[in-house]
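Enquirer: Here you go, this is model_7.txt (compact mmCIF, C-alpha atoms).
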```txt
# COMPACT_ATOMS: atom_id res chain seq x y z
CA MET A 875 45.89 44.98 -23.83
CA LYS A 876 42.97 46.07 -21.70
CA ALA A 877 40.58 45.44 -24.58
CA ARG A 878 41.97 41.97 -25.07
CA TYR A 879 41.68 41.28 -21.35
CA GLY A 880 38.06 42.46 -21.43
CA VAL A 881 37.22 40.15 -24.33
CA SER A 882 38.86 37.27 -22.52
CA MET A 883 36.84 37.91 -19.40
CA GLN A 884 33.64 38.09 -21.47
CA ILE A 885 34.33 34.73 -23.09
CA ASN A 886 35.03 33.12 -19.71
CA SER A 887 31.84 34.59 -18.31
CA LYS A 888 29.78 33.10 -21.16
CA CYS A 889 31.37 29.70 -20.70
CA ALA A 890 30.73 29.65 -16.95
CA ALA A 891 26.93 29.42 -17.19
CA PRO A 892 26.79 26.04 -19.00
CA HIS A 893 29.26 24.61 -16.50
CA ARG A 894 27.03 25.70 -13.64
CA VAL A 895 24.05 24.06 -15.35
CA VAL A 896 26.00 20.82 -15.80
CA LEU A 897 27.13 20.98 -12.18
CA VAL A 898 23.55 21.40 -10.98
CA ILE A 899 22.32 18.50 -13.15
CA VAL A 900 25.11 16.21 -11.94
CA THR A 901 24.40 17.19 -8.35
CA VAL A 902 20.70 16.44 -8.75
CA ILE A 903 21.49 13.03 -10.27
CA VAL A 904 23.95 12.18 -7.48
CA VAL A 905 21.48 13.28 -4.80
CA SER A 906 18.69 11.26 -6.43
CA MET A 907 20.85 8.15 -6.68
CA THR A 908 21.95 8.60 -3.06
CA ALA A 909 18.31 8.88 -1.97
CA VAL A 910 17.39 5.68 -3.82
CA LEU A 911 20.34 3.80 -2.35
CA SER A 912 19.51 5.14 1.11
CA GLN A 913 15.92 3.95 0.74
CA ASP A 914 17.21 0.56 -0.43
CA ALA A 915 19.51 0.28 2.59
CA GLN A 916 16.63 1.12 4.93
CA ALA A 917 14.38 -1.33 3.09
CA GLN A 918 16.78 -4.17 3.83
CA TYR A 919 15.87 -3.79 7.52
CA ASP A 920 12.13 -3.32 7.08
CA PRO A 921 10.33 -6.68 7.33
CA GLU A 922 7.45 -5.53 5.14
CA SER A 923 9.86 -4.40 2.42
CA LEU A 924 10.72 -8.06 1.81
CA ARG A 925 7.32 -8.33 0.13
CA THR A 926 8.70 -6.04 -2.58
CA VAL A 927 11.28 -8.60 -3.72
CA ALA A 928 8.91 -11.56 -3.39
CA VAL A 929 7.15 -12.37 -6.67
CA HIS A 930 4.61 -14.77 -8.12
CA VAL A 931 5.97 -17.15 -10.75
CA LEU A 932 3.29 -18.06 -13.27
CA GLN A 933 3.23 -20.93 -15.73
CA ASP A 934 1.54 -21.22 -19.11
CA PRO A 935 -0.84 -23.01 -18.90
CA PRO A 936 -1.47 -21.83 -15.31
CA GLN A 937 -0.69 -24.19 -12.45
CA SER A 938 -3.34 -25.05 -9.87
CA TRP A 939 -1.12 -23.82 -7.02
CA THR A 940 0.81 -20.63 -6.31
CA GLY A 941 4.53 -20.55 -7.00
CA TYR A 942 6.86 -17.90 -5.67
CA GLY A 943 10.30 -16.48 -6.34
CA ILE A 944 12.70 -13.81 -5.07
CA TYR A 945 13.91 -10.86 -7.12
CA LEU A 946 17.71 -10.70 -6.86
CA ARG A 947 18.60 -7.74 -9.10
CA ASP A 948 18.65 -6.51 -12.72
CA GLY A 949 15.67 -8.56 -13.87
CA LEU A 950 16.82 -11.79 -12.17
CA VAL A 951 14.55 -14.04 -10.11
CA ILE A 952 15.58 -17.16 -8.22
CA THR A 953 12.96 -19.82 -7.53
CA ALA A 954 12.55 -23.54 -7.01
CA ALA A 955 12.92 -25.58 -10.21
CA HIS A 956 9.62 -27.43 -9.75
CA VAL A 957 7.78 -24.07 -9.63
CA VAL A 958 8.79 -23.42 -13.25
CA GLY A 959 8.85 -26.96 -14.58
CA ALA A 960 11.22 -28.37 -17.18
CA ALA A 961 13.12 -25.57 -18.93
CA THR A 962 12.53 -27.04 -22.39
CA ARG A 963 8.76 -26.69 -21.99
CA ALA A 964 8.53 -23.78 -19.57
CA LYS A 965 6.76 -20.53 -20.46
CA PRO A 966 7.07 -18.63 -17.19
CA SER A 967 6.00 -15.10 -16.33
CA ILE A 968 6.82 -12.92 -13.34
CA ASP A 969 4.09 -11.07 -11.46
CA ILE A 970 5.97 -8.16 -9.89
CA ALA A 971 5.06 -4.59 -8.87
CA GLY A 972 1.64 -4.90 -10.45
CA GLU A 973 2.97 -6.13 -13.81
CA VAL A 974 3.07 -9.56 -15.41
CA LEU A 975 6.26 -9.83 -17.44
CA PRO A 976 7.40 -12.76 -19.63
CA ALA A 977 10.55 -14.48 -18.41
CA LYS A 978 13.04 -17.00 -19.72
CA VAL A 979 14.99 -19.75 -18.00
CA LEU A 980 18.66 -18.81 -17.70
CA LYS A 981 19.72 -21.88 -15.72
CA GLU A 982 18.09 -24.78 -13.91
CA SER A 983 19.01 -27.56 -11.54
CA PRO A 984 16.15 -30.08 -11.31
CA PHE A 985 14.07 -30.99 -8.28
CA GLU A 986 16.08 -34.17 -7.76
CA LYS A 987 19.34 -32.19 -7.50
CA ASP A 988 19.37 -28.58 -6.22
CA ASP A 989 15.77 -27.65 -7.12
CA LEU A 990 16.73 -24.19 -8.40
CA THR A 991 15.87 -22.14 -11.49
CA LEU A 992 17.20 -18.71 -12.41
CA LEU A 993 14.77 -16.61 -14.45
CA GLY A 994 15.49 -13.45 -16.39
CA PHE A 995 13.06 -10.79 -17.59
CA ALA A 996 13.14 -7.26 -19.01
CA GLY A 997 12.55 -4.99 -16.04
CA GLN A 998 12.88 -1.54 -17.60
CA SER A 999 9.27 -0.73 -16.68
CA LEU A 1000 9.78 -1.47 -12.98
CA PRO A 1001 9.92 1.42 -10.48
CA VAL A 1002 13.40 2.91 -10.10
CA SER A 1003 13.53 1.85 -6.45
CA LEU A 1004 13.02 -1.78 -7.48
CA ARG A 1005 15.43 -1.62 -10.42
CA MET A 1006 18.07 -0.38 -7.97
CA ARG A 1007 17.21 -3.03 -5.37
CA ARG A 1008 19.69 -5.75 -4.51
CA THR A 1009 18.87 -8.86 -2.49
CA PRO A 1010 22.09 -10.06 -0.84
CA LEU A 1011 22.75 -13.72 -0.17
CA CYS A 1012 23.73 -14.48 3.42
CA GLU A 1013 27.39 -15.26 3.92
CA ALA A 1014 27.06 -17.16 7.20
CA PRO A 1015 25.11 -20.45 7.31
CA PRO A 1016 21.83 -20.69 9.24
CA ILE A 1017 22.10 -21.33 12.96
CA ALA A 1018 19.75 -23.69 14.79
CA GLY A 1019 17.15 -21.72 16.68
CA GLU A 1020 17.73 -18.37 14.99
CA PRO A 1021 14.67 -16.37 13.89
CA VAL A 1022 13.87 -16.02 10.20
CA LEU A 1023 11.25 -14.33 8.05
CA VAL A 1024 9.59 -16.15 5.16
CA ALA A 1025 8.51 -13.72 2.42
CA ILE A 1026 5.81 -13.94 -0.23
CA PRO A 1027 4.14 -11.00 -2.04
CA GLU A 1028 1.20 -11.07 0.37
CA GLY A 1029 3.33 -10.69 3.49
CA THR A 1030 5.99 -12.14 5.76
CA ALA A 1031 5.74 -14.86 8.41
CA PRO A 1032 8.17 -15.52 11.26
CA SER A 1033 9.74 -18.88 11.91
CA HIS A 1034 12.91 -20.44 13.30
CA ILE A 1035 15.70 -22.65 12.03
CA MET A 1036 15.12 -26.22 13.16
CA PRO A 1037 18.11 -28.28 14.31
CA PRO A 1038 18.59 -31.01 11.67
CA LYS A 1039 19.02 -33.58 14.42
CA LEU A 1040 15.25 -33.36 14.97
CA LEU A 1041 14.66 -34.78 11.48
CA PRO A 1042 14.54 -38.49 10.70
CA ARG A 1043 18.07 -39.73 10.20
CA GLN A 1044 17.70 -40.19 6.45
CA TYR A 1045 17.01 -36.46 6.04
CA GLN A 1046 19.57 -34.96 8.40
CA VAL A 1047 22.34 -34.52 5.83
CA ARG A 1048 20.47 -34.09 2.55
CA PHE A 1049 17.92 -31.64 3.99
CA SER A 1050 19.81 -30.02 6.83
CA THR A 1051 18.45 -26.46 6.32
CA VAL A 1052 14.89 -26.52 7.61
CA ILE A 1053 12.39 -24.32 9.42
CA THR A 1054 9.49 -24.95 11.74
CA ASP A 1055 5.98 -23.43 11.39
CA VAL A 1056 5.06 -25.42 8.29
CA ALA A 1057 1.41 -24.34 8.14
CA THR A 1058 1.95 -20.58 8.47
CA THR A 1059 4.88 -19.95 6.12
CA GLY A 1060 5.18 -19.56 2.34
CA ASN A 1061 5.45 -22.54 0.03
CA SER A 1062 7.67 -23.42 -2.94
CA GLY A 1063 9.89 -20.58 -4.13
CA SER A 1064 9.27 -18.27 -1.17
CA GLY A 1065 12.29 -16.59 0.39
CA VAL A 1066 13.75 -17.40 3.79
CA PHE A 1067 15.47 -14.31 5.19
CA ARG A 1068 17.72 -13.89 8.21
CA ALA A 1069 15.63 -11.77 10.59
CA ALA A 1070 18.60 -9.81 11.92
CA HIS A 1071 20.06 -8.65 8.59
CA ARG A 1072 17.39 -9.36 5.95
CA CYS A 1073 19.85 -11.26 3.75
CA LEU A 1074 18.50 -14.26 1.82
CA LEU A 1075 19.16 -17.52 3.65
CA GLY A 1076 17.51 -19.65 0.99
CA ILE A 1077 14.60 -20.59 -1.27
CA MET A 1078 11.79 -22.81 -0.03
CA SER A 1079 11.84 -26.21 -1.73
CA ARG A 1080 9.62 -28.83 -0.06
CA LYS A 1081 7.87 -30.14 3.03
CA ILE A 1082 9.25 -32.95 5.11
CA GLN A 1083 6.54 -35.24 6.43
CA VAL A 1084 6.61 -38.22 8.78
CA ARG A 1085 4.13 -40.91 9.71
CA PRO A 1086 3.45 -41.29 13.45
CA ASN A 1087 5.34 -44.32 14.73
CA ARG A 1088 6.15 -45.11 11.08
CA ASP A 1089 2.66 -46.50 10.74
CA ARG A 1090 1.85 -46.59 7.01
CA SER A 1091 -1.85 -46.78 7.77
CA LYS A 1092 -1.76 -43.26 9.21
CA GLU A 1093 -1.65 -39.98 7.29
CA PRO A 1094 1.77 -38.32 7.20
CA LYS A 1095 2.17 -35.16 9.27
CA ASP A 1096 4.15 -32.05 8.40
CA LEU A 1097 7.38 -31.86 10.35
CA ALA A 1098 9.46 -29.14 8.68
CA LYS A 1099 10.11 -27.22 5.49
CA TYR A 1100 13.40 -27.55 3.65
CA PHE A 1101 14.95 -24.54 1.92
CA VAL A 1102 17.84 -24.53 -0.54
CA PRO A 1103 20.59 -22.64 1.33
CA ALA A 1104 22.34 -19.49 0.14
CA SER A 1105 25.63 -21.36 -0.26
CA THR A 1106 24.02 -23.67 -2.83
CA ILE A 1107 22.37 -20.72 -4.59
CA ARG A 1108 25.70 -18.90 -4.77
CA SER A 1109 27.39 -21.90 -6.37
CA PHE A 1110 24.45 -22.37 -8.74
CA LEU A 1111 24.44 -18.80 -10.07
CA PRO A 1112 26.50 -18.25 -13.23
CA ALA A 1113 29.53 -16.02 -12.60
CA GLU A 1114 28.12 -13.16 -14.67
CA TYR A 1115 25.01 -12.99 -12.47
CA ARG A 1116 26.64 -13.11 -9.03
```
Represent the supplied structure as structure tokens.
Expert:
Amino acid sequence: MKARYGVSMQINSKCAAPHRVVLVIVTVIVVSMTAVLSQDAQAQYDPESLRTVAVHVLQDPPQSWTGYGIYLRDGLVITAAHVVGAATRAKPSIDIAGEVLPAKVLKESPFEKDDLTLLGFAGQSLPVSLRMRRTPLCEAPPIAGEPVLVAIPEGTAPSHIMPPKLLPRQYQVRFSTVITDVATTGNSGSGVFRAAHRCLLGIMSRKIQVRPNRDRSKEPKDLAKYFVPASTIRSFLPAEYR
């Protein structure tokens, strides 16, 4: 009986080592994942980190102006539809993290409607921290006067939400989500982020210009920039990508 007990103990001892190895490997993986998620959580509150999720959207043939987009997650980029052009003819690429990656149009809503396009690309070569990154859409609507950050790959610029009542009457309903600081903020496809929480308030769509005293002989002046709000983006996104 003692011999049998000794054999049994020997077998258990041999089996214990692989379990310890597995436990160590699992622990390392969990710690690594936790570190990445912790960095991601901190990044959400770092203004400069917003540059990481801001991308250049390139056309083929190249456009004469710079188009932007915002990386949402898992190889998904949201941008303004007119940045990409018509889906049937579009050959977009995403310039992100030092790479230029081909993309395809997953869904579009033209300039005349929502002015949104969802792009997809293979992001396996991206850094782990970026592959794990998530850009949340804001739940609450923008509030007049609140501070925002407009993000492009080159940097961020501060601005504020403009009360829609300051717009000409014909724009107050259709383009009610607008910011000030037209000259110093990013153009089409750039991201408008809530300064307090770094969630995405919307995607920049177009300038709103007015003529002084409605005089057609005078050059129009920039008044505001309209961005497609997060609520519209959320409704636009296919269910499998939300």
Enquirer: Excluding same-chain residues fewer than 4 positions from Leu993 of chain A, what lies within 6 Å of it counting all atoms listed in the file, as an NGL selection string?
Expert: :A and (950-951 or 978-980)
Enquirer: In Å, how far is it from atom CA of Tyr1045 of chain A to atom CA of Arg1116 of chain A?
Expert: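 Computed distance, atom CA of Tyr1045 of chain A to atom CA of Arg1116 of chain A, equals 29.4 Å.
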Enquirer: Can you tell me how far atom CA of Lys1095 of chain A sits from atom CA of Leu1040 of chain A, in Å to one decimal?
Expert: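 Separating atom CA of Lys1095 of chain A from atom CA of Leu1040 of chain A is a distance of 14.4 Å.
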Enquirer: I'd like the interatomic distance between atom CA of Thr1051 of chain A and atom CA of Gly1076 of chain A, to a tenth of an Å.
Expert: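 Separation of atom CA of Thr1051 of chain A and atom CA of Gly1076 of chain A: 8.7 Å.
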Enquirer: What's the 7 Å shell around segment 1006-1012 of chain A, counting all atoms listed in the file, without same-chain residues fewer than 6 positions away, as an mmCIF file with C-alpha atoms, keeping the file's coordinate frame?
Expert:
```cif
data_model
loop_
_atom_site.group_PDB
_atom_site.id
_atom_site.type_symbol
_atom_site.label_atom_id
_atom_site.label_comp_id
_atom_site.auth_asym_id
_atom_site.auth_seq_id
_atom_site.Cartn_x
_atom_site.Cartn_y
_atom_site.Cartn_z
ATOM 1 C CA ASP A 914 17.210 0.560 -0.430
ATOM 2 C CA LEU A 946 17.710 -10.700 -6.860
ATOM 3 C CA ARG A 947 18.600 -7.740 -9.100
ATOM 4 C CA CYS A 1073 19.850 -11.260 3.750
ATOM 5 C CA LEU A 1074 18.500 -14.260 1.820
ATOM 6 C CA LEU A 1075 19.160 -17.520 3.650
ATOM 7 C CA ALA A 1104 22.340 -19.490 0.140
#
```
Enquirer: Dig up all the protein and nucleic acid residues within 6 Å of (10.2, -25.8, 2.8) in the file frame, using all atoms listed in the file, and format them as a list in words.
Expert: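 The residues that fall inside the cut-off are Met1078, Ser1079, Arg1080, Lys1081, Lys1099, Tyr1100 and Phe1101 of chain A.
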Enquirer: Within 12 Å of Ser967 of chain A, counting only C-alpha atoms, which residues show up once you throw out same-chain ones fewer than 3 positions away? Write them as a PyMOL selection string, please.
Expert: chain A and resi 929-937+941-943+949+951+957-958+964+970+973-979+993-996
Enquirer: Can you fill out segment 994-1027 of chain A with N, CA and C atoms and hand it back as a JSON list (two decimals), in the frame of the given file?
Expert:
```json
[["chain", "number", "residue", "atom", "x", "y", "z"],
["A", 994, "GLY", "N", 15.15, -14.81, -16.00],
["A", 994, "GLY", "CA", 15.49, -13.45, -16.39],
["A", 994, "GLY", "C", 14.33, -12.81, -17.13],
["A", 995, "PHE", "N", 14.12, -11.51, -16.90],
["A", 995, "PHE", "CA", 13.06, -10.79, -17.59],
["A", 995, "PHE", "C", 13.49, -9.34, -17.79],
["A", 996, "ALA", "N", 12.84, -8.67, -18.73],
["A", 996, "ALA", "CA", 13.14, -7.26, -19.01],
["A", 996, "ALA", "C", 12.41, -6.40, -17.99],
["A", 997, "GLY", "N", 13.17, -5.74, -17.14],
["A", 997, "GLY", "CA", 12.55, -4.99, -16.04],
["A", 997, "GLY", "C", 12.62, -3.49, -16.18],
["A", 998, "GLN", "N", 12.75, -2.98, -17.42],
["A", 998, "GLN", "CA", 12.88, -1.54, -17.60],
["A", 998, "GLN", "C", 11.66, -0.77, -17.11],
["A", 999, "SER", "N", 10.50, -1.42, -17.09],
["A", 999, "SER", "CA", 9.27, -0.73, -16.68],
["A", 999, "SER", "C", 9.06, -0.74, -15.17],
["A", 1000, "LEU", "N", 9.92, -1.42, -14.43],
["A", 1000, "LEU", "CA", 9.78, -1.47, -12.98],
["A", 1000, "LEU", "C", 10.09, -0.11, -12.36],
["A", 1001, "PRO", "N", 9.56, 0.17, -11.18],
["A", 1001, "PRO", "CA", 9.92, 1.42, -10.48],
["A", 1001, "PRO", "C", 11.42, 1.50, -10.26],
["A", 1002, "VAL", "N", 11.95, 2.72, -10.27],
["A", 1002, "VAL", "CA", 13.40, 2.91, -10.10],
["A", 1002, "VAL", "C", 13.89, 2.27, -8.81],
["A", 1003, "SER", "N", 13.11, 2.41, -7.74],
["A", 1003, "SER", "CA", 13.53, 1.85, -6.45],
["A", 1003, "SER", "C", 13.71, 0.34, -6.52],
["A", 1004, "LEU", "N", 12.90, -0.33, -7.34],
["A", 1004, "LEU", "CA", 13.02, -1.78, -7.48],
["A", 1004, "LEU", "C", 14.14, -2.14, -8.44],
["A", 1005, "ARG", "N", 14.32, -1.35, -9.49],
["A", 1005, "ARG", "CA", 15.43, -1.62, -10.42],
["A", 1005, "ARG", "C", 16.78, -1.47, -9.72],
["A", 1006, "MET", "N", 16.83, -0.59, -8.72],
["A", 1006, "MET", "CA", 18.07, -0.38, -7.97],
["A", 1006, "MET", "C", 18.24, -1.40, -6.84],
["A", 1007, "ARG", "N", 17.20, -2.14, -6.52],
["A", 1007, "ARG", "CA", 17.21, -3.03, -5.37],
["A", 1007, "ARG", "C", 18.14, -4.21, -5.57],
["A", 1008, "ARG", "N", 18.82, -4.59, -4.52],
["A", 1008, "ARG", "CA", 19.69, -5.75, -4.51],
["A", 1008, "ARG", "C", 19.31, -6.64, -3.33],
["A", 1009, "THR", "N", 19.17, -7.93, -3.57],
["A", 1009, "THR", "CA", 18.87, -8.86, -2.49],
["A", 1009, "THR", "C", 20.13, -9.67, -2.21],
["A", 1010, "PRO", "N", 20.82, -9.37, -1.13],
["A", 1010, "PRO", "CA", 22.09, -10.06, -0.84],
["A", 1010, "PRO", "C", 21.87, -11.48, -0.33],
["A", 1011, "LEU", "N", 22.75, -12.37, -0.72],
["A", 1011, "LEU", "CA", 22.75, -13.72, -0.17],
["A", 1011, "LEU", "C", 23.53, -13.70, 1.14],
["A", 1012, "CYS", "N", 23.04, -14.42, 2.13],
["A", 1012, "CYS", "CA", 23.73, -14.48, 3.42],
["A", 1012, "CYS", "C", 25.08, -15.17, 3.26],
["A", 1013, "GLU", "N", 26.06, -14.65, 3.95],
["A", 1013, "GLU", "CA", 27.39, -15.26, 3.92],
["A", 1013, "GLU", "C", 27.48, -16.40, 4.94],
["A", 1014, "ALA", "N", 26.98, -16.16, 6.14],
["A", 1014, "ALA", "CA", 27.06, -17.16, 7.20],
["A", 1014, "ALA", "C", 25.92, -18.17, 7.08],
["A", 1015, "PRO", "N", 26.16, -19.43, 7.40],
["A", 1015, "PRO", "CA", 25.11, -20.45, 7.31],
["A", 1015, "PRO", "C", 24.05, -20.24, 8.39],
["A", 1016, "PRO", "N", 22.86, -20.81, 8.22],
["A", 1016, "PRO", "CA", 21.83, -20.69, 9.24],
["A", 1016, "PRO", "C", 22.24, -21.37, 10.54],
["A", 1017, "ILE", "N", 21.77, -20.81, 11.64],
["A", 1017, "ILE", "CA", 22.10, -21.33, 12.96],
["A", 1017, "ILE", "C", 20.84, -21.89, 13.61],
["A", 1018, "ALA", "N", 20.91, -23.06, 14.16],
["A", 1018, "ALA", "CA", 19.75, -23.69, 14.79],
["A", 1018, "ALA", "C", 19.14, -22.76, 15.83],
["A", 1019, "GLY", "N", 17.86, -22.55, 15.72],
["A", 1019, "GLY", "CA", 17.15, -21.72, 16.68],
["A", 1019, "GLY", "C", 17.03, -20.27, 16.30],
["A", 1020, "GLU", "N", 17.79, -19.80, 15.31],
["A", 1020, "GLU", "CA", 17.73, -18.37, 14.99],
["A", 1020, "GLU", "C", 16.42, -18.01, 14.29],
["A", 1021, "PRO", "N", 15.93, -16.80, 14.52],
["A", 1021, "PRO", "CA", 14.67, -16.37, 13.89],
["A", 1021, "PRO", "C", 14.87, -16.03, 12.42],
["A", 1022, "VAL", "N", 13.85, -16.33, 11.62],
["A", 1022, "VAL", "CA", 13.87, -16.02, 10.20],
["A", 1022, "VAL", "C", 12.52, -15.43, 9.81],
["A", 1023, "LEU", "N", 12.49, -14.83, 8.63],
["A", 1023, "LEU", "CA", 11.25, -14.33, 8.05],
["A", 1023, "LEU", "C", 11.07, -15.00, 6.69],
["A", 1024, "VAL", "N", 9.89, -15.54, 6.44],
["A", 1024, "VAL", "CA", 9.59, -16.15, 5.16],
["A", 1024, "VAL", "C", 8.71, -15.18, 4.38],
["A", 1025, "ALA", "N", 9.17, -14.79, 3.17],
["A", 1025, "ALA", "CA", 8.51, -13.72, 2.42],
["A", 1025, "ALA", "C", 7.80, -14.23, 1.18],
["A", 1026, "ILE", "N", 6.57, -13.78, 1.01],
["A", 1026, "ILE", "CA", 5.81, -13.94, -0.23],
["A", 1026, "ILE", "C", 5.20, -12.57, -0.53],
["A", 1027, "PRO", "N", 4.66, -12.33, -1.72],
["A", 1027, "PRO", "CA", 4.14, -11.00, -2.04],
["A", 1027, "PRO", "C", 3.04, -10.52, -1.07]]
```
